[in-house]
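Undergrad: Below is one structure. I have some questions about it.
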Amino acid sequence: MTLTQALLWPGTKICERMGLDPDADAGLIRSMFNMIVYLAVCLTIVWIIVG
């Protein structure tokens, strides 16, 4: 598994679970899910550090 595949893994798994093709629409759906996942992770880390 390459670094790129590891970074895209959450979005790929969410798309597969929903029955969507991860490569459809040039991967925009997968990118949206990746941004949501990584946003939640980063915000949690920031809140732990600041709070």
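Scheme for the structure tokens: letters A, B, ... for chains in order shown; per-chain residue numbers from 1; ligand numbers from 1 in order shown.
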Identify all residues of chain A in helix (DSSP H, G or I) (DSSP on the backbone) and supply them as number ranges by chain.
TA: A: 3-18, 24-50
Undergrad: Extract, using only C-alpha atoms, all DNA, RNA and protein residues at most 9 Å from A:Ile29, discarding same-chain residues fewer than 5 positions from it, and format them as a tab-separated table (two decimals) with C-alpha atoms, in the first residue's frame.
TA:
chain	number	residue	atom	x	y	z
A	11	GLY	CA	-13.06	7.77	1.49
A	15	CYS	CA	-17.78	4.83	-1.02
A	20	LEU	CA	-20.53	4.02	-5.02
A	21	ASP	CA	-17.58	3.79	-7.38
A	22	PRO	CA	-14.68	5.59	-5.64
A	23	ASP	CA	-13.22	6.64	-9.00
A	24	ALA	CA	-16.47	8.04	-10.41
A	34	ASN	CA	-11.82	12.12	3.04
